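Data block below; observations after.
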Amino acid sequence: MPGDNIFKDEASEEKGERARLASFVGAMAIADLVKTTLGPKGMDKILQSTGRGHEVTVTNDGATILKSLHIDNAAAKVLVDISKVQDDEVGDGTTSVVVLAGELLREAEKLVAAKIHPMTIISGYRMAAECARDALLKKVVDNKADSERFKSDLMKIAKTTLSSKILSQDKEHFAQLAVDAVMRLQGSTNLESIQIIKKPGGSLKDSFLDEGFILDKKIGLGQPKRIENAKILVANTAMDTDKVKIYGARVRVDSMSKVAEIEVAEKEKMREKVKKIIGHGINCFVNRQLIYNFPEELFADAGILAIEHADFDGIERLALVTGGEIASTFDNPESVKLGHCDLIEEIMIGEDKLIHFSGVELGQACTIVLRGASHHVLDEAERSLHDALCVLSQTVNDSRVLLGGGWPEMIMAKEVDVLAKKTPGKKSHAIEAFARALLTIPTIIADNAGLDSAELVAKLRAEHHKEGCTAGIDVISGTVGDMAERGISEAFKVKQAVLLSATEAAEMILRVDEIITCAPRQRENRM
C-alpha cells in the first residue's frame with residue numbers, strides 16, 4: 001500500500017492502543033522501580049556505571065536513581081523529569097511523585113479498557129486534584145507566630161524526611177544539624193551559604209555543624225598559622241612567575257647571562273605584583289590559581305597567609321561569606337572590597353588539616369562536616385541532608401505543616417471519594433480511580449515494612465471516618481498509630497507539589513495516542 005510509506009526507512013510509529021500501552025507500561029515500570037524506596041522501611045538501590053572505574057552509588061533518593069538511568073521509553077522520561085523538578089523545587093518527595101503518577105496511570109489503563117475516553121479521565125483527575133488540594137488546605141497547621149512550636153515543627157519535619165534515608169539511625173542528631181543550619185539562613189532559600197564537607201573516617205555520629213567557614217586546604221610553609229581580625233583578599237589571578245606568555249613567542253639570546261637577566265626581570269615583575277597585593281593592607285590572600293614558591297616566600301615575609309588552589313566553589317562561597325569580592329587586578333586598591341573575619345586558624349578533622357574562618361561577616365553562613373565510614377556512605381548522607389535542608393528552607397518561608405505517614409493521602413482520598421459520589425457521568429469513575437491511586441501510597445509504605453497492607457489501610461480508612469482523626473501508618477510498631485503523638489510531620493509545600501506534578505504528568509502521558517520514532521540522520525561515509 002503506497003500511503004503507508006510517508007516516513008523514511010528506519011522510522012517507526014506506534015498508533016492508538018499500542019502507543020498508549022507502551023507509554024502506560026513504561027511509566028508503571030519506572031514507578032515500580034522506585035516504589036520500594038518509599039517510607040521509613042524503604043530499601044536502597046545500588047547504581048553501578050558500566051563506564052570507566054565502574055563507579056558505584058548507593059542511594060535511596062528517587063531523583064538520584066532516575067537521573068542515573070538511561071531510558072528508552074518516552075513516557076518513562078516524563079516521570080524522570082517530574083522527579084527532577086520535584087528535587088529542584090522542594091527537595092523531597094521525589095519518590096512519591098513518581099509512584100503517584102504511576103498509580104494514576106495504572107488506574108487510567110483500567111478505565112481506558114472499560115471504554116472511557118482519556119479526555120474524560122483527564123477532566124476527572126483535574127477535579128479530583130483540586131478537591132484533594134482543598135482538603136489538605138483545610139487541615140494545615142501553621143505555627144509561624146509561635147517560634148518554639150515552629151522550631152519543634154521543623155525538627156519533626158527534618159526527622160520525618162531523614163527517617164527514610166541512611167541517616168535514620170542518628171536522625172535526632174542530623175535533624176538538629178539541619179534545623180540549626182536553616183535557622184541561620186533567616187528565611188532565604190539560598191543553600192549556597194551552607195557548606196557541606198565530607199571527610200571519610202569516624203562514624204556518622206561524629207558529624208557536626210560549625211559556624212563560620214571551613215576551607216579544605218592546608219596552610220603553606222612558614223606562614224602564620226593563626227590570624228586574628230583578618231582582612232581577606234579573594235582573588236583569581238595567575239601567581240606563577242610571569243613568564244613571557246605570548247603564544248609562539250621565541251626568545252633568542254646570545255649568552256647565558258642574558259637568560260639570567262630575563263629571569264631577574266620576570267622576578268621583578270612578580271615582586272611588583274605582590275607589592276601591589278600587599279598594598280591592600282591585607283593579612284590573608286586566597287587565590288584560585290597556583291602560587292609559586294617565590295611569591296609565597298614574599299607573602300610569608302610580609303606575614304600574610306597565602307592560600308593557593310582554593311577550588312572555585314570554595315572561593316565563590318568564601319567571598320560571599322566574608323563579604324568580599326573576587327578580584328583579578330590590583331592596580332587600584334580602593335575599589336576592591338575586602339572580606340573580613342575575626343579569626344583564621346588551622347583545625348584538624350580526622351587526618352586532614354583544614355583552615356577555619358570564624359566570626360564571618362555573613363552571620364548565616366555555616367559549614368556542616370560529615371564523617372562516615374566510606375565515600376558511598378558520605379555521598380548518600382550528603383544527599384539525605386540536602387533533602388532535609390531543602391525542605392526546611394522551603395518550610396521556613398511557607399510554614400504550613402501536615403502530619404505524615406500516609407495521613408494526608410487518606411484525608412485526600414476521603415474527600416475525593418465524596419466528590420466522586422456527587423459527580424454524575426463517566427467522570428465519577430475517574431475521580432474514584434484517583435482516590436484509589438492516593439490510597440496506594442500508604443499501602444506501599446506498609447508493604448515496604450512487610451506489614452499486611454490491605455488490613456492496615458482498611459483500618460486507617462475506618463479511623464478516618466471519625467472527625468479530626470490523626471491516624472497514619474506507624475511502621476515501627478506495625479499498626480495504625482497516632483501521627484500527632486509520634487511527631488511525624490511533613491511540609492505542605494512538598495505534598496502539594498507531589499499532588500500537582502503527579503497529576504499533570506499522568507495527564508500528559510494519557511494524552512498520547514501515537515509514538516513516532518525517527519531514525520538518526522545517517523552520517524555520510526567520509527572515508
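FYI, nothing fancy with the C-alpha cells labels: chains A, B, ... in order, residues from 1 per chain, ligands from 1 as they appear.
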
Within 9 Å of Gly279 in chain A, counting only C-alpha atoms, which residues qualify if same-chain residues fewer than 3 places away don't, as a PyMOL selection string? chain A and resi 274-276+282+330+333

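Proximity to Glu490 in chain A at 8 Å, evaluated using only C-alpha atoms and with sequence-adjacent residues fewer than 6 positions away removed, yields Lys156, Ile157, Thr160, Thr161, Val401, Leu402, Leu403 and Gly404 of chain A.
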
Just the residues within 10 Å of range 132-143 of chain A, please, counting only C-alpha atoms, with nothing from its chain fewer than 6 positions along; format it as a PyMOL selection string. chain A and resi 126+149-153+398-403+408-417+419+434-435+438+468+491-492+495-496+499-500

Next, write the just-selected residues to a file, as a PDB file, in the first residue's frame, keeping C-alpha atoms as the atom set.
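Final output, out_34.pdb:
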ATOM      1  CA  ARG A 126      -8.321  17.512  37.329  1.00  0.00           C
ATOM      2  CA  ARG A 149       6.283  25.416  68.341  1.00  0.00           C
ATOM      3  CA  PHE A 150       7.558  26.338  64.894  1.00  0.00           C
ATOM      4  CA  LYS A 151      11.015  25.097  65.768  1.00  0.00           C
ATOM      5  CA  SER A 152       9.619  21.806  67.023  1.00  0.00           C
ATOM      6  CA  ASP A 153       7.632  21.550  63.772  1.00  0.00           C
ATOM      7  CA  ASP A 398       5.794  28.617  53.762  1.00  0.00           C
ATOM      8  CA  SER A 399       5.226  27.418  57.289  1.00  0.00           C
ATOM      9  CA  ARG A 400       2.172  25.261  56.711  1.00  0.00           C
ATOM     10  CA  VAL A 401       2.611  21.788  58.106  1.00  0.00           C
ATOM     11  CA  LEU A 402       0.746  18.488  57.755  1.00  0.00           C
ATOM     12  CA  LEU A 403       1.048  15.183  59.541  1.00  0.00           C
ATOM     13  CA  PRO A 408      -2.502  13.334  54.094  1.00  0.00           C
ATOM     14  CA  GLU A 409      -3.222  10.719  51.418  1.00  0.00           C
ATOM     15  CA  MET A 410      -6.075   9.304  53.483  1.00  0.00           C
ATOM     16  CA  ILE A 411      -7.559  12.752  54.033  1.00  0.00           C
ATOM     17  CA  MET A 412      -7.375  13.485  50.314  1.00  0.00           C
ATOM     18  CA  ALA A 413      -8.775  10.091  49.326  1.00  0.00           C
ATOM     19  CA  LYS A 414     -11.723  10.527  51.665  1.00  0.00           C
ATOM     20  CA  GLU A 415     -12.667  13.925  50.229  1.00  0.00           C
ATOM     21  CA  VAL A 416     -12.136  12.756  46.661  1.00  0.00           C
ATOM     22  CA  ASP A 417     -14.399   9.761  47.285  1.00  0.00           C
ATOM     23  CA  LEU A 419     -16.726  14.139  45.334  1.00  0.00           C
ATOM     24  CA  PHE A 434      -7.877   8.984  41.686  1.00  0.00           C
ATOM     25  CA  ALA A 435      -8.869   8.179  45.248  1.00  0.00           C
ATOM     26  CA  LEU A 438      -3.898   8.059  46.517  1.00  0.00           C
ATOM     27  CA  GLY A 468     -10.391  15.219  63.460  1.00  0.00           C
ATOM     28  CA  ALA A 491       5.685  20.201  54.796  1.00  0.00           C
ATOM     29  CA  PHE A 492       2.525  21.208  52.987  1.00  0.00           C
ATOM     30  CA  LYS A 495       2.695  17.366  49.424  1.00  0.00           C
ATOM     31  CA  GLN A 496       1.136  19.965  47.176  1.00  0.00           C
ATOM     32  CA  LEU A 499      -0.024  16.020  44.074  1.00  0.00           C
ATOM     33  CA  LEU A 500       0.004  18.585  41.289  1.00  0.00           C
TER      34      LEU A 500
END

What's around Ala519 in chain A at 12 Å? Count only C-alpha atoms, leave out sequence neighbours fewer than 5 positions away in its own chain, and write the answer as a ChimeraX atom specification. /A:7-13

I'd like a table as JSON lines: residues in range 314-413 of chain A with an atom no more than 12 Å from range 284-298 of chain A, each row giving the shortest atom pair and its distance in Å to one decimal, only C-alpha atoms counted, sorted by chain and rising residue number.
{"residue": "A:Gly314", "atom": "CA", "partner": "A:Arg288", "partner_atom": "CA", "distance": 9.1}
{"residue": "A:Ile315", "atom": "CA", "partner": "A:Arg288", "partner_atom": "CA", "distance": 6.9}
{"residue": "A:Glu316", "atom": "CA", "partner": "A:Arg288", "partner_atom": "CA", "distance": 9.8}
{"residue": "A:Leu318", "atom": "CA", "partner": "A:Val286", "partner_atom": "CA", "distance": 9.2}
{"residue": "A:Ala319", "atom": "CA", "partner": "A:Val286", "partner_atom": "CA", "distance": 9.8}
{"residue": "A:Thr322", "atom": "CA", "partner": "A:Val286", "partner_atom": "CA", "distance": 11.9}
{"residue": "A:Gly324", "atom": "CA", "partner": "A:Val286", "partner_atom": "CA", "distance": 11.3}
{"residue": "A:Glu325", "atom": "CA", "partner": "A:Val286", "partner_atom": "CA", "distance": 11.4}
{"residue": "A:Ile326", "atom": "CA", "partner": "A:Asn287", "partner_atom": "CA", "distance": 9.2}
{"residue": "A:Ala327", "atom": "CA", "partner": "A:Asn287", "partner_atom": "CA", "distance": 9.5}
{"residue": "A:Ser328", "atom": "CA", "partner": "A:Asn287", "partner_atom": "CA", "distance": 9.5}
{"residue": "A:Leu338", "atom": "CA", "partner": "A:Cys284", "partner_atom": "CA", "distance": 10.0}
{"residue": "A:Gly339", "atom": "CA", "partner": "A:Cys284", "partner_atom": "CA", "distance": 9.5}
{"residue": "A:His340", "atom": "CA", "partner": "A:Cys284", "partner_atom": "CA", "distance": 9.7}
{"residue": "A:Cys341", "atom": "CA", "partner": "A:Cys284", "partner_atom": "CA", "distance": 10.3}
{"residue": "A:Asp342", "atom": "CA", "partner": "A:Cys284", "partner_atom": "CA", "distance": 12.0}
{"residue": "A:Leu343", "atom": "CA", "partner": "A:Cys284", "partner_atom": "CA", "distance": 10.8}
{"residue": "A:Ile344", "atom": "CA", "partner": "A:Cys284", "partner_atom": "CA", "distance": 8.8}
{"residue": "A:Glu345", "atom": "CA", "partner": "A:Cys284", "partner_atom": "CA", "distance": 11.3}
{"residue": "A:Ile355", "atom": "CA", "partner": "A:Val286", "partner_atom": "CA", "distance": 11.4}
{"residue": "A:Phe357", "atom": "CA", "partner": "A:Cys284", "partner_atom": "CA", "distance": 10.9}

Selection from above, N, CA and C atoms, as a PDB file, in the first residue's frame, can you write it?
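Final file, out30.pdb:
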ATOM      1  N   GLY A 314      34.638  26.820  46.587  1.00  0.00           N
ATOM      2  CA  GLY A 314      35.135  27.323  47.850  1.00  0.00           C
ATOM      3  C   GLY A 314      35.318  28.816  47.778  1.00  0.00           C
ATOM      4  N   ILE A 315      35.876  29.277  46.653  1.00  0.00           N
ATOM      5  CA  ILE A 315      36.232  30.678  46.567  1.00  0.00           C
ATOM      6  C   ILE A 315      34.999  31.568  46.446  1.00  0.00           C
ATOM      7  N   GLU A 316      34.037  31.127  45.637  1.00  0.00           N
ATOM      8  CA  GLU A 316      32.828  31.941  45.491  1.00  0.00           C
ATOM      9  C   GLU A 316      32.159  32.060  46.838  1.00  0.00           C
ATOM     10  N   LEU A 318      33.503  31.647  49.791  1.00  0.00           N
ATOM     11  CA  LEU A 318      34.312  32.399  50.748  1.00  0.00           C
ATOM     12  C   LEU A 318      34.080  33.888  50.560  1.00  0.00           C
ATOM     13  N   ALA A 319      34.030  34.312  49.295  1.00  0.00           N
ATOM     14  CA  ALA A 319      33.804  35.723  49.020  1.00  0.00           C
ATOM     15  C   ALA A 319      32.425  36.128  49.530  1.00  0.00           C
ATOM     16  N   THR A 322      32.508  36.103  53.555  1.00  0.00           N
ATOM     17  CA  THR A 322      33.282  37.118  54.270  1.00  0.00           C
ATOM     18  C   THR A 322      32.901  38.520  53.817  1.00  0.00           C
ATOM     19  N   GLY A 324      33.494  39.787  50.833  1.00  0.00           N
ATOM     20  CA  GLY A 324      34.458  40.388  49.912  1.00  0.00           C
ATOM     21  C   GLY A 324      34.024  40.164  48.476  1.00  0.00           C
ATOM     22  N   GLU A 325      34.869  40.598  47.544  1.00  0.00           N
ATOM     23  CA  GLU A 325      34.581  40.321  46.150  1.00  0.00           C
ATOM     24  C   GLU A 325      35.808  39.657  45.550  1.00  0.00           C
ATOM     25  N   ILE A 326      35.601  38.918  44.465  1.00  0.00           N
ATOM     26  CA  ILE A 326      36.743  38.261  43.830  1.00  0.00           C
ATOM     27  C   ILE A 326      37.436  39.261  42.918  1.00  0.00           C
ATOM     28  N   ALA A 327      38.713  39.488  43.172  1.00  0.00           N
ATOM     29  CA  ALA A 327      39.441  40.489  42.390  1.00  0.00           C
ATOM     30  C   ALA A 327      40.398  39.792  41.436  1.00  0.00           C
ATOM     31  N   SER A 328      40.673  40.412  40.295  1.00  0.00           N
ATOM     32  CA  SER A 328      41.714  39.833  39.463  1.00  0.00           C
ATOM     33  C   SER A 328      42.745  40.871  39.038  1.00  0.00           C
ATOM     34  N   LEU A 338      37.314  44.126  50.434  1.00  0.00           N
ATOM     35  CA  LEU A 338      37.996  43.056  51.160  1.00  0.00           C
ATOM     36  C   LEU A 338      36.990  42.298  52.016  1.00  0.00           C
ATOM     37  N   GLY A 339      37.313  41.030  52.262  1.00  0.00           N
ATOM     38  CA  GLY A 339      36.475  40.267  53.186  1.00  0.00           C
ATOM     39  C   GLY A 339      37.021  40.400  54.593  1.00  0.00           C
ATOM     40  N   HIS A 340      36.159  40.169  55.595  1.00  0.00           N
ATOM     41  CA  HIS A 340      36.628  40.254  56.978  1.00  0.00           C
ATOM     42  C   HIS A 340      36.200  39.028  57.737  1.00  0.00           C
ATOM     43  N   CYS A 341      37.032  38.594  58.688  1.00  0.00           N
ATOM     44  CA  CYS A 341      36.531  37.658  59.684  1.00  0.00           C
ATOM     45  C   CYS A 341      37.383  37.798  60.942  1.00  0.00           C
ATOM     46  N   ASP A 342      36.885  37.278  62.065  1.00  0.00           N
ATOM     47  CA  ASP A 342      37.566  37.525  63.335  1.00  0.00           C
ATOM     48  C   ASP A 342      38.826  36.697  63.497  1.00  0.00           C
ATOM     49  N   LEU A 343      38.768  35.451  63.033  1.00  0.00           N
ATOM     50  CA  LEU A 343      39.888  34.572  63.329  1.00  0.00           C
ATOM     51  C   LEU A 343      40.060  33.533  62.213  1.00  0.00           C
ATOM     52  N   ILE A 344      41.320  33.367  61.779  1.00  0.00           N
ATOM     53  CA  ILE A 344      41.607  32.281  60.846  1.00  0.00           C
ATOM     54  C   ILE A 344      42.547  31.341  61.561  1.00  0.00           C
ATOM     55  N   GLU A 345      42.234  30.062  61.616  1.00  0.00           N
ATOM     56  CA  GLU A 345      43.179  29.141  62.235  1.00  0.00           C
ATOM     57  C   GLU A 345      43.102  27.792  61.547  1.00  0.00           C
ATOM     58  N   ILE A 355      41.458  24.836  57.024  1.00  0.00           N
ATOM     59  CA  ILE A 355      41.547  26.211  57.503  1.00  0.00           C
ATOM     60  C   ILE A 355      40.160  26.678  57.892  1.00  0.00           C
ATOM     61  N   PHE A 357      37.648  29.662  59.129  1.00  0.00           N
ATOM     62  CA  PHE A 357      37.406  31.104  59.232  1.00  0.00           C
ATOM     63  C   PHE A 357      36.233  31.279  60.183  1.00  0.00           C
TER      64      PHE A 357
END

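Residues with any atom within 9 Å of Val58 in chain A, counting only C-alpha atoms and excluding same-chain neighbours fewer than 6 positions away, are Asp44, Lys45, Ile46, Leu47, Gln48, His376, Val377, Asp379 and Glu380 of chain A.
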
Residues near range 190-203 of chain A, anyone? I mean within 8 Å using only C-alpha atoms, not counting same-chain ones fewer than 6 positions away, as a ChimeraX atom specification. /A:181,213,317,320-321,349-350,364-375,378-379,382,389-390

Kindly save the residues from that selection, with N, CA, C and O atoms included, as a JSON list (two decimals), in the first residue's frame.
[["chain", "number", "residue", "atom", "x", "y", "z"],
["A", 181, "ALA", "N", 21.17, 24.83, 60.90],
["A", 181, "ALA", "CA", 21.73, 25.44, 59.70],
["A", 181, "ALA", "C", 20.69, 26.30, 59.00],
["A", 181, "ALA", "O", 20.98, 27.41, 58.56],
["A", 213, "PHE", "N", 33.31, 29.25, 58.33],
["A", 213, "PHE", "CA", 33.54, 28.69, 57.01],
["A", 213, "PHE", "C", 34.81, 27.86, 57.09],
["A", 213, "PHE", "O", 35.80, 28.29, 57.68],
["A", 317, "ARG", "N", 32.12, 30.90, 47.54],
["A", 317, "ARG", "CA", 31.45, 30.88, 48.82],
["A", 317, "ARG", "C", 32.18, 31.73, 49.82],
["A", 317, "ARG", "O", 31.57, 32.43, 50.61],
["A", 320, "LEU", "N", 31.45, 35.26, 49.27],
["A", 320, "LEU", "CA", 30.08, 35.55, 49.68],
["A", 320, "LEU", "C", 29.99, 35.68, 51.20],
["A", 320, "LEU", "O", 29.34, 36.58, 51.74],
["A", 321, "VAL", "N", 30.69, 34.77, 51.89],
["A", 321, "VAL", "CA", 30.57, 34.66, 53.33],
["A", 321, "VAL", "C", 31.31, 35.77, 54.06],
["A", 321, "VAL", "O", 30.83, 36.31, 55.05],
["A", 349, "ILE", "N", 40.61, 17.68, 61.20],
["A", 349, "ILE", "CA", 39.44, 16.81, 61.22],
["A", 349, "ILE", "C", 39.95, 15.47, 60.77],
["A", 349, "ILE", "O", 40.42, 15.33, 59.63],
["A", 350, "GLY", "N", 39.91, 14.48, 61.65],
["A", 350, "GLY", "CA", 40.49, 13.20, 61.28],
["A", 350, "GLY", "C", 41.97, 13.40, 61.02],
["A", 350, "GLY", "O", 42.70, 13.91, 61.85],
["A", 364, "GLN", "N", 24.86, 34.19, 58.47],
["A", 364, "GLN", "CA", 24.07, 32.99, 58.18],
["A", 364, "GLN", "C", 24.91, 31.83, 57.68],
["A", 364, "GLN", "O", 24.41, 30.76, 57.46],
["A", 365, "ALA", "N", 26.20, 32.07, 57.50],
["A", 365, "ALA", "CA", 26.99, 31.01, 56.90],
["A", 365, "ALA", "C", 27.35, 29.97, 57.93],
["A", 365, "ALA", "O", 27.58, 30.29, 59.08],
["A", 366, "CYS", "N", 27.37, 28.72, 57.52],
["A", 366, "CYS", "CA", 27.88, 27.71, 58.41],
["A", 366, "CYS", "C", 28.34, 26.54, 57.57],
["A", 366, "CYS", "O", 28.05, 26.44, 56.39],
["A", 367, "THR", "N", 29.09, 25.65, 58.21],
["A", 367, "THR", "CA", 29.65, 24.52, 57.50],
["A", 367, "THR", "C", 29.22, 23.26, 58.23],
["A", 367, "THR", "O", 29.30, 23.21, 59.45],
["A", 368, "ILE", "N", 28.75, 22.28, 57.49],
["A", 368, "ILE", "CA", 28.42, 21.01, 58.11],
["A", 368, "ILE", "C", 29.50, 20.02, 57.71],
["A", 368, "ILE", "O", 29.76, 19.83, 56.52],
["A", 369, "VAL", "N", 30.17, 19.45, 58.69],
["A", 369, "VAL", "CA", 31.22, 18.48, 58.38],
["A", 369, "VAL", "C", 30.65, 17.09, 58.60],
["A", 369, "VAL", "O", 30.20, 16.76, 59.69],
["A", 370, "LEU", "N", 30.62, 16.31, 57.52],
["A", 370, "LEU", "CA", 30.08, 14.95, 57.62],
["A", 370, "LEU", "C", 31.22, 13.97, 57.77],
["A", 370, "LEU", "O", 32.20, 14.04, 57.04],
["A", 371, "ARG", "N", 31.09, 13.06, 58.73],
["A", 371, "ARG", "CA", 32.07, 11.98, 58.85],
["A", 371, "ARG", "C", 31.34, 10.69, 58.56],
["A", 371, "ARG", "O", 30.15, 10.59, 58.79],
["A", 372, "GLY", "N", 32.08, 9.69, 58.10],
["A", 372, "GLY", "CA", 31.40, 8.43, 57.84],
["A", 372, "GLY", "C", 32.38, 7.37, 57.41],
["A", 372, "GLY", "O", 33.55, 7.66, 57.16],
["A", 373, "ALA", "N", 31.90, 6.15, 57.30],
["A", 373, "ALA", "CA", 32.80, 5.02, 57.08],
["A", 373, "ALA", "C", 33.45, 5.04, 55.70],
["A", 373, "ALA", "O", 34.61, 4.71, 55.56],
["A", 374, "SER", "N", 32.69, 5.38, 54.66],
["A", 374, "SER", "CA", 33.28, 5.32, 53.32],
["A", 374, "SER", "C", 32.68, 6.43, 52.47],
["A", 374, "SER", "O", 31.75, 7.09, 52.87],
["A", 375, "HIS", "N", 33.24, 6.56, 51.28],
["A", 375, "HIS", "CA", 32.74, 7.61, 50.39],
["A", 375, "HIS", "C", 31.28, 7.41, 50.03],
["A", 375, "HIS", "O", 30.53, 8.36, 49.91],
["A", 378, "LEU", "N", 29.13, 8.64, 52.76],
["A", 378, "LEU", "CA", 29.16, 10.10, 52.83],
["A", 378, "LEU", "C", 28.32, 10.73, 51.73],
["A", 378, "LEU", "O", 27.60, 11.69, 51.97],
["A", 379, "ASP", "N", 28.44, 10.19, 50.52],
["A", 379, "ASP", "CA", 27.67, 10.76, 49.41],
["A", 379, "ASP", "C", 26.18, 10.66, 49.70],
["A", 379, "ASP", "O", 25.42, 11.60, 49.50],
["A", 382, "GLU", "N", 25.15, 13.03, 52.34],
["A", 382, "GLU", "CA", 25.05, 14.40, 51.84],
["A", 382, "GLU", "C", 23.74, 14.60, 51.10],
["A", 382, "GLU", "O", 23.07, 15.61, 51.26],
["A", 389, "LEU", "N", 17.60, 19.84, 54.16],
["A", 389, "LEU", "CA", 17.84, 21.29, 54.14],
["A", 389, "LEU", "C", 16.88, 21.99, 53.20],
["A", 389, "LEU", "O", 16.34, 23.05, 53.50],
["A", 390, "CYS", "N", 16.68, 21.39, 52.01],
["A", 390, "CYS", "CA", 15.75, 21.99, 51.03],
["A", 390, "CYS", "C", 14.36, 22.12, 51.63],
["A", 390, "CYS", "O", 13.74, 23.18, 51.57]]

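Straight-line separation from CA of Ala454 in chain A to CA of Val475 in chain A: 14.2 Å.
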
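Residues in contact range of range 216-220 of chain A, defined as at most 8 Å between only C-alpha atoms, with sequence neighbours fewer than 4 positions away removed, read Lys225, Leu305, Ala306, Ile307, Ala310, Glu346, Lys353, Leu354 and Ile355 of chain A.
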